[in-house]
Amino acid sequence: MKLNLSLLCRALCLSAVLHQPLLAAQQDPEATTSIEHKKLVTSSHYMATAANPLAVEAGRQILAKGGSAVDAAIAMQLMLGLVEPQSSGIGGGLFLLHFDADKKQLSSIDGRETAPQQAGPDLFRLNGQLQPWREAFVGGKSVGVPGVMKALELAHQRHGKLPWASLFDAAIQTAEQGFVVSPRLAGLLAANWNPGLTNFAASKAYFQPDGQWLQAGQRLKNPAYATLLRRLAKEGSAAFYQGDNAKALVATVQQAAINPGLLTAQDLQAYRPVERDAICMAYRLYKVCSMAPPSSGGLAVLQILGLLSSQPVARLKPNSVEAVHLISQAAKLAFADRERFAADPDFVKVPVQGLLNPAYLKQRAAQLTSPEGPAAVAGEPEGAEPLAPSQAIEFANTSHLSVVDRAGNAVSMTTSIENAFGSGLMVNGYLLNNQLTDFSLDARLNGFWVANRVQGGKRPRSSMAPVMVFDQQGQLKYITGSPGGSRIINYVAQNLIAVLDWGMDPAQAAALPRFSHRNDMLVLEQGTVLEQLVPALKELGYQPKLADLNSGIHAIERQGAVLRGAADPRREGTVAGD
């Protein structure tokens, strides 16, 4: 007899939604520090865009030397870890999409962190009590095995062109000579969100050198990071996962003054990035592709598009009540499925095909035109198993970069250390992630296992959603992605709709006012025209909240022989090309 999972889990799912914290009401740790109008940038040969000008320049220099898109992405990530340490770095993880223009071949690398082998479902329980998230993320217990360096090395082996060592030059030079602290970095330090920065000696010495937070305009050097990069340039990723750095990393995690962790030298040595098939869906005249699980972001973005595929989205006006309502209802349904089904596919059966099946999405889409009501409940896709929805907090501390090289090869890469400044622990000039709090802290709910529970060697669910779009001839059309915690899903889906349905150029789409629905409440970007929609949205049953919605879209569009790029006005990013 076929198990009716909808009936089995309906009460369970509703209970989880009603009892989960109202995450949208919490202050994000990486708020918008300024809004800067940015113009569309065009070029004919190559292009790079990311969240910091120094990273973009590092990528541009590599591309100008004839480097590949992967070469440029590596140089950019190494620089981002130095100048934007709150968001990403070699102590974290990434998802990378790569397009080979000659072969017309799309591939992906999963460089997500893994849980230590000794970790289990009770990792975040003390004396039988679940730790609050604000206590769990600080220190060693939340640190997953970093995946960035192994993933970048694999990407270079597959798609690199310039020598590995040459990709480190810009970051080494900048770390040794110093860089000017940006207003964004200084502002996020002053917000004092992460207690690890003042409780751990290495972090405090770096970010509060004179007992005061670093100030905008101050020159900051990082000789320890430069020394490690020199070893990585010479020895490859082995210099990270073995030897002195590995010993220091393990000691820092295991001996943390707050929440000592379980990560071992064996965990570091055993880490491997995973090459996975990207997941794709037809949308309008295009094929939209993103990262497979453990990315819930790619899956949910494609679900939102699939739910909207039969709707007249192109006829709706941007920033209208109708558009906000329709897209928000699609997001609610996608988030309901995400919470219950998305997890590491090497540990949990994720019904990807069932969730993206057109018949399933058509059946779910019947709910789209209803007024706002209770939280949506997960559906019953083919291949689903009886699991409880996950309750995991994801904040907006991530970065995204997009690159196209001279040959037309492209990279869309989203990279993260999770919370602002990660776990707060610092080793050899880089911060360690707190990605294990992307797992559900509670492993069971009402007698059901949570798919996204902690297990040794498992990768936590992520909302990162690097995207590539292709036309009917298989040519690359558009690259995009964003930071934003679980709101990445909303930001990227809306960005794709703006370009593919509403015909906006990348700069217009990046600047479009944001709204977000994560199956909890509708949030509108404060200070934008969306504020005028509040009365009409209330008539539809919403209780909209106004808040800072800090996306970080970095996108490139190919239009014939011309590349058009954009950086989100909410961050410090730029675009460069030739």
# chains A, B, ... in the order shown; residues from 1 in each chain; ligands from 1
call {"tool": "residues_around", "arguments": {"residues": "Gly429 (chain A)", "least_positions_apart": "2", "cutoff": "7 Å", "atoms": "only C-alpha atoms", "output": "VMD selection string"}}
result
chain A and resid 222 224 to 225 426 to 427 431
call {"tool": "write_last_selection", "arguments": {"atoms": "C-alpha atoms", "output": "compact mmCIF listing (two decimals), in the first residue's frame"}}
result
# COMPACT_ATOMS: atom_id res chain seq x y z
CA ASN A 222 47.77 39.89 7.78
CA ALA A 224 50.07 35.00 9.06
CA TYR A 225 47.64 34.62 6.15
CA MET A 426 40.95 32.34 13.95
CA VAL A 427 43.88 30.22 12.72
CA LEU A 431 38.43 32.55 10.38
call {"tool": "residues_around", "arguments": {"residues": "region 309-321 of chain A", "least_positions_apart": "3", "cutoff": "9 Å", "atoms": "only C-alpha atoms", "output": "compact mmCIF listing (two decimals) with N, CA and C atoms, in the first residue's frame"}}
result
# COMPACT_ATOMS: atom_id res chain seq x y z
N ALA A 282 13.48 23.52 -17.25
CA ALA A 282 13.05 24.43 -18.31
C ALA A 282 12.19 25.52 -17.70
N TYR A 283 12.48 26.76 -18.08
CA TYR A 283 11.65 27.89 -17.64
C TYR A 283 11.55 28.87 -18.81
N ARG A 284 10.32 29.07 -19.27
CA ARG A 284 10.09 29.88 -20.48
C ARG A 284 10.91 29.30 -21.63
N ILE A 304 10.44 27.20 -7.26
CA ILE A 304 9.69 28.45 -7.38
C ILE A 304 9.41 28.76 -8.85
N LEU A 305 10.43 28.62 -9.68
CA LEU A 305 10.24 28.87 -11.12
C LEU A 305 9.25 27.87 -11.71
N GLY A 306 9.38 26.60 -11.31
CA GLY A 306 8.45 25.60 -11.83
C GLY A 306 7.02 25.86 -11.42
N VAL A 324 4.20 40.46 -6.00
CA VAL A 324 4.67 40.09 -4.67
C VAL A 324 3.87 38.91 -4.12
N HIS A 325 2.55 38.96 -4.31
CA HIS A 325 1.70 37.90 -3.79
C HIS A 325 1.99 36.56 -4.48
N LEU A 326 2.04 36.55 -5.79
CA LEU A 326 2.22 35.29 -6.52
C LEU A 326 3.57 34.66 -6.23
N ILE A 327 4.62 35.47 -6.26
CA ILE A 327 5.96 34.94 -6.02
C ILE A 327 6.11 34.49 -4.57
N LYS A 362 2.64 21.29 -10.85
CA LYS A 362 1.34 21.77 -11.31
C LYS A 362 0.28 21.56 -10.25
N ALA A 365 0.89 24.09 -7.57
CA ALA A 365 0.65 25.46 -8.03
C ALA A 365 -0.82 25.86 -7.94
N ILE A 497 13.54 36.04 -12.29
CA ILE A 497 12.26 36.52 -12.84
C ILE A 497 12.43 37.90 -13.45
N ALA A 498 13.20 38.76 -12.78
CA ALA A 498 13.41 40.13 -13.28
C ALA A 498 14.07 40.12 -14.66
N LEU A 500 14.47 37.18 -16.83
CA LEU A 500 13.87 36.28 -17.81
C LEU A 500 12.41 36.61 -18.13
N ASP A 501 11.67 37.15 -17.17
CA ASP A 501 10.26 37.49 -17.40
C ASP A 501 10.05 38.96 -17.70
N TRP A 502 10.77 39.81 -16.97
CA TRP A 502 10.52 41.25 -17.09
C TRP A 502 11.53 41.97 -17.97
N GLY A 503 12.50 41.25 -18.50
CA GLY A 503 13.43 41.83 -19.47
C GLY A 503 14.36 42.88 -18.92
N LEU A 512 16.56 45.94 -7.96
CA LEU A 512 15.13 45.81 -7.72
C LEU A 512 14.85 45.62 -6.23
N PRO A 513 13.86 46.33 -5.67
CA PRO A 513 13.52 46.13 -4.25
C PRO A 513 13.23 44.67 -3.93
N ARG A 514 13.65 44.25 -2.76
CA ARG A 514 13.54 42.86 -2.36
C ARG A 514 12.31 42.60 -1.48
N VAL A 529 9.85 51.33 -2.62
CA VAL A 529 8.47 51.53 -3.04
C VAL A 529 7.56 50.41 -2.55
N LEU A 530 8.14 49.30 -2.12
CA LEU A 530 7.32 48.21 -1.62
C LEU A 530 6.56 48.58 -0.35
N LEU A 533 2.86 49.12 -0.63
CA LEU A 533 1.96 47.98 -0.87
C LEU A 533 1.35 47.43 0.41
N VAL A 534 1.79 47.91 1.55
CA VAL A 534 1.36 47.32 2.82
C VAL A 534 -0.16 47.26 2.98
N ALA A 536 -2.63 47.16 0.76
CA ALA A 536 -3.23 46.19 -0.15
C ALA A 536 -2.83 44.76 0.23
N LEU A 537 -1.61 44.57 0.71
CA LEU A 537 -1.18 43.23 1.11
C LEU A 537 -1.91 42.77 2.37
call {"tool": "closest_atom_pairs", "arguments": {"of": "region 436-518 of chain A", "to": "region 406-413 of chain A", "cutoff": "10 Å", "atoms": "only C-alpha atoms", "output": "CSV"}}
result
residue,atom,partner,partner_atom,distance
A:Met464,CA,A:Met413,CA,9.0
A:Ala465,CA,A:Met413,CA,8.5
A:Pro466,CA,A:Ser412,CA,5.4
A:Val467,CA,A:Ser412,CA,6.4
A:Met468,CA,A:Ser412,CA,7.1
A:Gln475,CA,A:Gly408,CA,9.6
A:Leu476,CA,A:Gly408,CA,8.4
A:Tyr478,CA,A:Ser412,CA,9.8
A:Ile479,CA,A:Ser412,CA,6.2
A:Thr480,CA,A:Ser412,CA,6.7
A:Gly481,CA,A:Ser412,CA,7.2
A:Ser482,CA,A:Met413,CA,9.3
call {"tool": "select_by_dssp", "arguments": {"residues": "region 89-329 of chain A", "states": "alpha helix (DSSP H)", "output": "ChimeraX atom specification"}}
result
/A:133-136,148-159,169-177,183-190,196-199,201-207,223-235,238-241,243-254,265-270,296-308,321-329
call {"tool": "write_last_selection", "arguments": {"atoms": "C-alpha atoms", "output": "compact mmCIF listing (two decimals), in the first residue's frame"}}
result
# COMPACT_ATOMS: atom_id res chain seq x y z
CA TRP A 133 21.56 28.85 18.53
CA ARG A 134 23.17 32.01 19.90
CA GLU A 135 25.22 29.84 22.25
CA ALA A 136 25.84 26.97 19.82
CA VAL A 148 37.33 25.59 0.11
CA MET A 149 40.96 24.70 -0.58
CA LYS A 150 40.29 21.12 -1.71
CA ALA A 151 37.41 22.30 -3.90
CA LEU A 152 39.46 25.07 -5.52
CA GLU A 153 42.34 22.67 -6.12
CA LEU A 154 40.00 20.17 -7.80
CA ALA A 155 38.49 22.95 -9.93
CA HIS A 156 41.98 24.01 -11.01
CA GLN A 157 42.92 20.44 -11.90
CA ARG A 158 39.81 20.20 -14.07
CA HIS A 159 39.64 23.68 -15.58
CA ASP A 169 50.19 36.48 -5.85
CA ALA A 170 47.61 39.24 -5.42
CA ALA A 171 46.30 37.97 -2.08
CA ILE A 172 49.82 37.40 -0.71
CA GLN A 173 50.97 40.87 -1.73
CA THR A 174 47.86 42.52 -0.27
CA ALA A 175 48.13 40.59 2.99
CA GLU A 176 51.77 41.60 3.38
CA GLN A 177 51.43 45.24 2.35
CA PRO A 183 33.25 50.86 5.70
CA ARG A 184 31.34 47.60 5.50
CA LEU A 185 33.90 45.56 7.44
CA ALA A 186 34.26 48.31 10.03
CA GLY A 187 30.50 48.67 10.40
CA LEU A 188 29.95 44.97 10.89
CA LEU A 189 32.69 44.84 13.51
CA ALA A 190 31.15 47.80 15.34
CA GLY A 196 33.79 35.05 19.51
CA LEU A 197 35.74 38.05 18.25
CA THR A 198 36.16 39.37 21.79
CA ASN A 199 36.41 36.01 23.58
CA ALA A 201 42.62 35.82 21.73
CA ALA A 202 43.69 35.54 18.07
CA SER A 203 40.50 37.11 16.74
CA LYS A 204 40.54 39.88 19.32
CA ALA A 205 44.16 40.75 18.57
CA TYR A 206 43.40 40.98 14.85
CA PHE A 207 40.08 42.83 14.90
CA PRO A 223 51.27 38.35 7.69
CA ALA A 224 50.07 35.00 9.06
CA TYR A 225 47.64 34.62 6.15
CA ALA A 226 50.37 35.59 3.67
CA THR A 227 52.71 32.95 5.12
CA LEU A 228 50.08 30.23 4.83
CA LEU A 229 49.19 31.28 1.27
CA ARG A 230 52.83 31.00 0.27
CA ARG A 231 52.86 27.42 1.52
CA LEU A 232 49.57 26.63 -0.22
CA ALA A 233 50.91 28.11 -3.46
CA LYS A 234 53.97 25.87 -3.26
CA GLU A 235 52.56 22.68 -1.74
CA ALA A 238 48.13 19.51 1.54
CA ALA A 239 49.56 22.55 3.32
CA PHE A 240 46.08 23.22 4.68
CA TYR A 241 44.85 19.72 5.51
CA GLY A 243 51.16 19.60 8.73
CA ASP A 244 51.41 22.71 10.88
CA ASN A 245 48.18 24.36 9.73
CA ALA A 246 46.18 21.19 10.35
CA LYS A 247 47.68 20.84 13.85
CA ALA A 248 46.88 24.46 14.66
CA LEU A 249 43.35 24.16 13.29
CA VAL A 250 42.58 21.00 15.28
CA ALA A 251 44.06 22.44 18.47
CA THR A 252 42.06 25.65 18.06
CA VAL A 253 38.81 23.72 17.65
CA GLN A 254 39.41 21.14 20.37
CA ALA A 265 43.40 15.54 12.10
CA GLN A 266 41.82 12.44 10.55
CA ASP A 267 38.72 14.46 9.66
CA LEU A 268 40.87 17.00 7.80
CA GLN A 269 42.85 14.36 5.93
CA ALA A 270 39.70 12.49 4.92
CA SER A 296 18.49 23.35 -0.79
CA GLY A 297 18.90 26.72 -2.49
CA GLY A 298 19.17 25.43 -6.04
CA LEU A 299 16.32 23.02 -5.51
CA ALA A 300 14.00 25.64 -4.01
CA VAL A 301 14.82 28.25 -6.67
CA LEU A 302 13.94 25.77 -9.41
CA GLN A 303 10.76 24.81 -7.57
CA ILE A 304 9.69 28.45 -7.38
CA LEU A 305 10.24 28.87 -11.12
CA GLY A 306 8.45 25.60 -11.83
CA LEU A 307 5.47 26.64 -9.72
CA LEU A 308 5.30 29.94 -11.62
CA VAL A 321 0.86 43.62 -5.24
CA GLU A 322 0.08 40.90 -7.75
CA ALA A 323 3.75 40.06 -8.35
CA VAL A 324 4.67 40.09 -4.67
CA HIS A 325 1.70 37.90 -3.79
CA LEU A 326 2.22 35.29 -6.52
CA ILE A 327 5.96 34.94 -6.02
CA SER A 328 5.58 34.85 -2.23
CA GLN A 329 3.03 32.03 -2.40
call {"tool": "atom_distance", "arguments": {"atom1": "CA of Leu263 (chain A)", "atom2": "CA of Gly422 (chain A)"}}
result
15.8 Å
call {"tool": "closest_atom_pairs", "arguments": {"of": "region 273-349 of chain A", "to": "region 375-379 of chain A", "cutoff": "9 Å", "atoms": "only C-alpha atoms", "output": "tab-separated table"}}
result
residue	atom	partner	partner_atom	distance
A:Gln329	CA	A:Ala376	CA	8.8
A:Lys332	CA	A:Ala376	CA	6.0
A:Leu333	CA	A:Ala376	CA	5.8
A:Ala334	CA	A:Ala378	CA	8.2
A:Phe335	CA	A:Ala378	CA	8.2
A:Ala336	CA	A:Ala378	CA	4.7
A:Asp337	CA	A:Ala378	CA	4.6
A:Arg338	CA	A:Ala378	CA	8.1
A:Glu339	CA	A:Ala378	CA	8.0
A:Arg340	CA	A:Ala378	CA	6.8
A:Phe341	CA	A:Ala378	CA	8.6
call {"tool": "residues_around", "arguments": {"residues": "Lys104 (chain A)", "least_positions_apart": "2", "cutoff": "9 Å", "atoms": "only C-alpha atoms", "output": "list in words"}}
result
Phe99, Asp100, Ala101, Asp102, Leu106, Gly474, Gln475 and Leu476 of chain A
call {"tool": "write_last_selection", "arguments": {"atoms": "C-alpha atoms", "output": "tab-separated table (two decimals), in the first residue's frame"}}
result
chain	number	residue	atom	x	y	z
A	99	PHE	CA	30.50	25.88	-17.87
A	100	ASP	CA	32.89	24.65	-20.53
A	101	ALA	CA	32.00	26.74	-23.59
A	102	ASP	CA	33.82	24.53	-26.09
A	106	LEU	CA	28.05	22.09	-17.23
A	474	GLY	CA	22.70	25.65	-25.24
A	475	GLN	CA	24.59	28.94	-25.11
A	476	LEU	CA	25.21	30.61	-21.79
call {"tool": "decode", "arguments": {"residues": "region 326-426 of chain A", "atoms": "C-alpha atoms", "output": "PDB file, in the first residue's frame"}}
result
ATOM      1  CA  LEU A 326       2.218  35.291  -6.523  1.00  0.00           C
ATOM      2  CA  ILE A 327       5.965  34.939  -6.020  1.00  0.00           C
ATOM      3  CA  SER A 328       5.579  34.849  -2.232  1.00  0.00           C
ATOM      4  CA  GLN A 329       3.031  32.033  -2.399  1.00  0.00           C
ATOM      5  CA  ALA A 330       5.386  30.040  -4.619  1.00  0.00           C
ATOM      6  CA  ALA A 331       8.207  30.646  -2.141  1.00  0.00           C
ATOM      7  CA  LYS A 332       6.049  29.396   0.746  1.00  0.00           C
ATOM      8  CA  LEU A 333       5.445  26.091  -1.013  1.00  0.00           C
ATOM      9  CA  ALA A 334       9.110  25.688  -1.945  1.00  0.00           C
ATOM     10  CA  PHE A 335      10.241  26.421   1.613  1.00  0.00           C
ATOM     11  CA  ALA A 336       7.791  23.891   3.027  1.00  0.00           C
ATOM     12  CA  ASP A 337       9.313  21.190   0.816  1.00  0.00           C
ATOM     13  CA  ARG A 338      12.838  22.374   1.528  1.00  0.00           C
ATOM     14  CA  GLU A 339      12.412  22.160   5.281  1.00  0.00           C
ATOM     15  CA  ARG A 340      11.330  18.555   5.141  1.00  0.00           C
ATOM     16  CA  PHE A 341      13.260  16.961   2.291  1.00  0.00           C
ATOM     17  CA  ALA A 342      16.545  18.792   1.609  1.00  0.00           C
ATOM     18  CA  ALA A 343      19.723  17.361   3.135  1.00  0.00           C
ATOM     19  CA  ASP A 344      22.983  15.649   2.208  1.00  0.00           C
ATOM     20  CA  PRO A 345      22.002  13.039  -0.439  1.00  0.00           C
ATOM     21  CA  ASP A 346      24.844  10.766   0.657  1.00  0.00           C
ATOM     22  CA  PHE A 347      22.992  10.256   3.959  1.00  0.00           C
ATOM     23  CA  VAL A 348      19.320  10.901   3.197  1.00  0.00           C
ATOM     24  CA  LYS A 349      17.194  10.064   0.172  1.00  0.00           C
ATOM     25  CA  VAL A 350      16.302  13.460  -1.321  1.00  0.00           C
ATOM     26  CA  PRO A 351      13.450  13.119  -3.855  1.00  0.00           C
ATOM     27  CA  VAL A 352      14.902  15.639  -6.308  1.00  0.00           C
ATOM     28  CA  GLN A 353      13.138  14.263  -9.387  1.00  0.00           C
ATOM     29  CA  GLY A 354       9.839  14.118  -7.535  1.00  0.00           C
ATOM     30  CA  LEU A 355      10.180  17.666  -6.265  1.00  0.00           C
ATOM     31  CA  LEU A 356      10.924  18.995  -9.769  1.00  0.00           C
ATOM     32  CA  ASN A 357       8.386  16.816 -11.580  1.00  0.00           C
ATOM     33  CA  PRO A 358       6.107  19.090 -13.679  1.00  0.00           C
ATOM     34  CA  ALA A 359       3.002  17.158 -12.634  1.00  0.00           C
ATOM     35  CA  TYR A 360       3.869  17.550  -8.947  1.00  0.00           C
ATOM     36  CA  LEU A 361       4.558  21.269  -9.354  1.00  0.00           C
ATOM     37  CA  LYS A 362       1.342  21.766 -11.315  1.00  0.00           C
ATOM     38  CA  GLN A 363      -0.626  20.130  -8.532  1.00  0.00           C
ATOM     39  CA  ARG A 364       1.104  22.317  -5.910  1.00  0.00           C
ATOM     40  CA  ALA A 365       0.650  25.458  -8.030  1.00  0.00           C
ATOM     41  CA  ALA A 366      -3.134  25.227  -7.615  1.00  0.00           C
ATOM     42  CA  GLN A 367      -2.590  26.912  -4.242  1.00  0.00           C
ATOM     43  CA  LEU A 368      -0.831  29.979  -5.641  1.00  0.00           C
ATOM     44  CA  THR A 369      -3.800  32.268  -6.167  1.00  0.00           C
ATOM     45  CA  SER A 370      -5.286  31.802  -2.699  1.00  0.00           C
ATOM     46  CA  PRO A 371      -5.018  34.674  -0.202  1.00  0.00           C
ATOM     47  CA  GLU A 372      -2.294  34.497   2.430  1.00  0.00           C
ATOM     48  CA  GLY A 373      -3.170  31.847   4.963  1.00  0.00           C
ATOM     49  CA  PRO A 374      -1.475  29.478   7.405  1.00  0.00           C
ATOM     50  CA  ALA A 375       2.010  28.185   6.793  1.00  0.00           C
ATOM     51  CA  ALA A 376       2.266  25.866   3.800  1.00  0.00           C
ATOM     52  CA  VAL A 377       2.745  22.146   4.396  1.00  0.00           C
ATOM     53  CA  ALA A 378       5.208  19.980   2.499  1.00  0.00           C
ATOM     54  CA  GLY A 379       3.788  17.985  -0.382  1.00  0.00           C
ATOM     55  CA  GLU A 380       4.103  14.319  -1.297  1.00  0.00           C
ATOM     56  CA  PRO A 381       6.571  14.077  -4.173  1.00  0.00           C
ATOM     57  CA  GLU A 382       7.424  10.727  -5.683  1.00  0.00           C
ATOM     58  CA  GLY A 383      10.191   9.059  -3.733  1.00  0.00           C
ATOM     59  CA  ALA A 384       9.575  10.930  -0.474  1.00  0.00           C
ATOM     60  CA  GLU A 385      10.166   9.336   2.900  1.00  0.00           C
ATOM     61  CA  PRO A 386       8.500  10.162   6.250  1.00  0.00           C
ATOM     62  CA  LEU A 387      10.820  12.775   7.760  1.00  0.00           C
ATOM     63  CA  ALA A 388      10.349  15.764  10.027  1.00  0.00           C
ATOM     64  CA  PRO A 389      10.967  19.314   8.806  1.00  0.00           C
ATOM     65  CA  SER A 390      14.305  20.842   9.765  1.00  0.00           C
ATOM     66  CA  GLN A 391      14.627  23.829  12.037  1.00  0.00           C
ATOM     67  CA  ALA A 392      17.997  25.348  11.174  1.00  0.00           C
ATOM     68  CA  ILE A 393      19.011  29.001  11.283  1.00  0.00           C
ATOM     69  CA  GLU A 394      20.999  30.380   8.366  1.00  0.00           C
ATOM     70  CA  PHE A 395      22.227  33.943   8.366  1.00  0.00           C
ATOM     71  CA  ALA A 396      23.338  36.193   5.554  1.00  0.00           C
ATOM     72  CA  ASN A 397      27.106  35.916   5.788  1.00  0.00           C
ATOM     73  CA  THR A 398      28.151  34.555   2.455  1.00  0.00           C
ATOM     74  CA  SER A 399      29.590  35.881  -0.804  1.00  0.00           C
ATOM     75  CA  HIS A 400      28.960  35.249  -4.484  1.00  0.00           C
ATOM     76  CA  LEU A 401      31.160  35.775  -7.528  1.00  0.00           C
ATOM     77  CA  SER A 402      30.555  35.375 -11.247  1.00  0.00           C
ATOM     78  CA  VAL A 403      33.220  35.092 -13.968  1.00  0.00           C
ATOM     79  CA  VAL A 404      33.396  34.664 -17.751  1.00  0.00           C
ATOM     80  CA  ASP A 405      36.788  34.230 -19.444  1.00  0.00           C
ATOM     81  CA  ARG A 406      38.004  34.937 -23.000  1.00  0.00           C
ATOM     82  CA  ALA A 407      36.966  31.497 -24.226  1.00  0.00           C
ATOM     83  CA  GLY A 408      33.435  31.891 -22.858  1.00  0.00           C
ATOM     84  CA  ASN A 409      33.987  29.497 -19.955  1.00  0.00           C
ATOM     85  CA  ALA A 410      32.153  30.605 -16.847  1.00  0.00           C
ATOM     86  CA  VAL A 411      32.015  30.178 -13.081  1.00  0.00           C
ATOM     87  CA  SER A 412      29.140  30.891 -10.728  1.00  0.00           C
ATOM     88  CA  MET A 413      30.380  30.360  -7.165  1.00  0.00           C
ATOM     89  CA  THR A 414      28.783  30.959  -3.788  1.00  0.00           C
ATOM     90  CA  THR A 415      31.032  30.710  -0.752  1.00  0.00           C
ATOM     91  CA  SER A 416      30.475  31.065   2.988  1.00  0.00           C
ATOM     92  CA  ILE A 417      31.669  30.737   6.587  1.00  0.00           C
ATOM     93  CA  GLU A 418      27.991  31.003   7.761  1.00  0.00           C
ATOM     94  CA  ASN A 419      27.445  33.519  10.575  1.00  0.00           C
ATOM     95  CA  ALA A 420      29.150  36.933  10.553  1.00  0.00           C
ATOM     96  CA  PHE A 421      32.824  36.090  11.226  1.00  0.00           C
ATOM     97  CA  GLY A 422      31.919  32.398  11.460  1.00  0.00           C
ATOM     98  CA  SER A 423      32.649  30.635  14.742  1.00  0.00           C
ATOM     99  CA  GLY A 424      34.840  33.517  15.871  1.00  0.00           C
ATOM    100  CA  LEU A 425      37.904  31.240  15.932  1.00  0.00           C
ATOM    101  CA  MET A 426      40.952  32.336  13.951  1.00  0.00           C
TER     102      MET A 426
END
